[in-house]
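For reference, the structure is listed below as structure tokens.
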There are 2 protein chains.
Amino acid sequence: MELPEELPQLYKRHIFACATQRPPMHPRGSCGASGAQPLWEKLGKKIEEGGLSADVGFTLAGCMGFCSAGPLMVIYPEGVWYRPQKEEDIDTIFESHLKNDQLAEDLVVVLSR
Amino acid sequence: MELPEELPQLYKRHIFACATQRPPMHPRGSCGASGAQPLWEKLGKKIEEGGLSADVGFTLAGCMGFCSAGPLMVIYPEGVWYRPQKEEDIDTIFESHLKNDQLAEDLVVVLSR
């Protein structure tokens with residue numbers, strides 16, 4: 001069976017946020033060492049308290065590569081990668097992308113291999 | 001800026017596979033306790049050896065809920081959830097979905113909340 005254009009979806013959006021924590025001086029760096037943890041905690045709380053839990057899945061993930069570009073999160077199905085660096089950035093992504101379907105342009109990170 | 005219909009994508013597909021491991025008798029169960037680990041190892045290896053690494057991202061993830069339905073993996077942007085239970089199922093998902101863009105129907109799991 002070919003892949004249908006539109007399959008019934010469990011979530012409108014599914015966010016994966018890197019929770020990899022390497023020691024501070026590790027040469028690869030890590031999202032954890034770049035301050036990811038309090039950001040993801042805030043995002044999870046906002047999704048819940050903002051009433052978006054039914055629409056938005058939020059999953060902590062292992063290393064997605066690009067460690068020096070962290071903290072990294074990706075939102076599917078859009079495939080948009082964000083690099084929030086402070087709590088206000090989480091507010092922006094939440095309000096703009098999750099609540100209003102608008103790209104939070106300034107926080108988008110374009111990754112290439 | 002509104003979300004564009006098509007953004008440049010880092011991967012053609014991105015797979016997230018639950019790597020949560022709870023003790024065998026834990027009441028919630030876990031993908032790990034359901035035998036996930038060797039399956040994900042095989043899938044990662046097949047993606048690499050099958051020459052799909054440039055197209056397919058593969059990330060281990062934390063708990064995605066639905067623990068009793070594991071081992072669970074989801075493929076975006078399609079949003080298709082699979083529940084492989086043996087190594088042959090990984091071969092099927094790889095050949096069908098990843099290589100030939102065909103749904104591996106028998107292994108799809110429909111989750112609802």
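Within each chain, counting starts at residue 1; across the structure tokens, chains are named A, B, ... in the order shown, with ligands numbered 1 upward in that order.
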If you count only C-alpha atoms, which residues fall within 10 Å of segment 75-85 of chain B, apart from same-chain ones fewer than 5 positions away, as number ranges by chain?
A: 3-14, 75-79; B: 11-17, 31, 34-36, 39-40, 56-58, 69-70, 90-93, 97-98, 103-111
What are the DSSP helix (DSSP H, G or I) residues of chain B, as JSON, numbers by chain?
{"B": [36, 37, 38, 39, 40, 41, 42, 43, 44, 45, 46, 47, 48, 49, 67, 68, 69, 87, 88, 89, 90, 91, 92, 93, 94, 95, 96, 97, 98, 99, 100, 105, 106, 107]}
Would you compute the distance between atom CA of Glu49 of chain A and atom CA of Glu87 of chain A? Give it in Å to one decimal.
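These two atoms are separated by 15.9 Å.
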Residue contacts of Ala19 of chain A (9 Å, only C-alpha atoms) excluding same-chain residues fewer than 5 positions away, as a PDB file with C-alpha atoms, in the first residue's frame:
```pdb
ATOM      1  CA  SER A  30      25.965  18.826  24.274  1.00  0.00           C
ATOM      2  CA  CYS A  31      22.530  20.398  24.421  1.00  0.00           C
ATOM      3  CA  GLY A  32      22.553  19.736  28.161  1.00  0.00           C
ATOM      4  CA  ALA A  36      18.823  22.798  27.514  1.00  0.00           C
ATOM      5  CA  GLN A  37      17.269  21.261  30.581  1.00  0.00           C
ATOM      6  CA  TRP A  40      12.639  21.917  27.986  1.00  0.00           C
ATOM      7  CA  LEU A  60      12.873  14.204  25.121  1.00  0.00           C
ATOM      8  CA  ALA A  61      15.344  12.699  22.695  1.00  0.00           C
ATOM      9  CA  GLY A  62      18.878  11.437  22.532  1.00  0.00           C
ATOM     10  CA  CYS A  63      21.589  13.076  20.480  1.00  0.00           C
ATOM     11  CA  PRO A  71      20.096  23.462  22.579  1.00  0.00           C
ATOM     12  CA  LEU A  72      18.243  21.823  19.690  1.00  0.00           C
TER      13      LEU A  72
END
```
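Atom CA of Ile47 of chain B to atom CA of Lys86 of chain B spans 16.9 Å [interatomic distance, one decimal].
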Rank nothing, just name the residue among B:Arg113, B:Met64, B:Glu88, B:Phe94 nearest to Leu43 of chain B, using only C-alpha atoms.
B:Phe94
To one decimal place in Å, what is the distance between atom CA of Gln102 of chain B and atom CA of Gly65 of chain A?
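Atom CA of Gly65 of chain A lies at a distance of 27.6 Å from atom CA of Gln102 of chain B.
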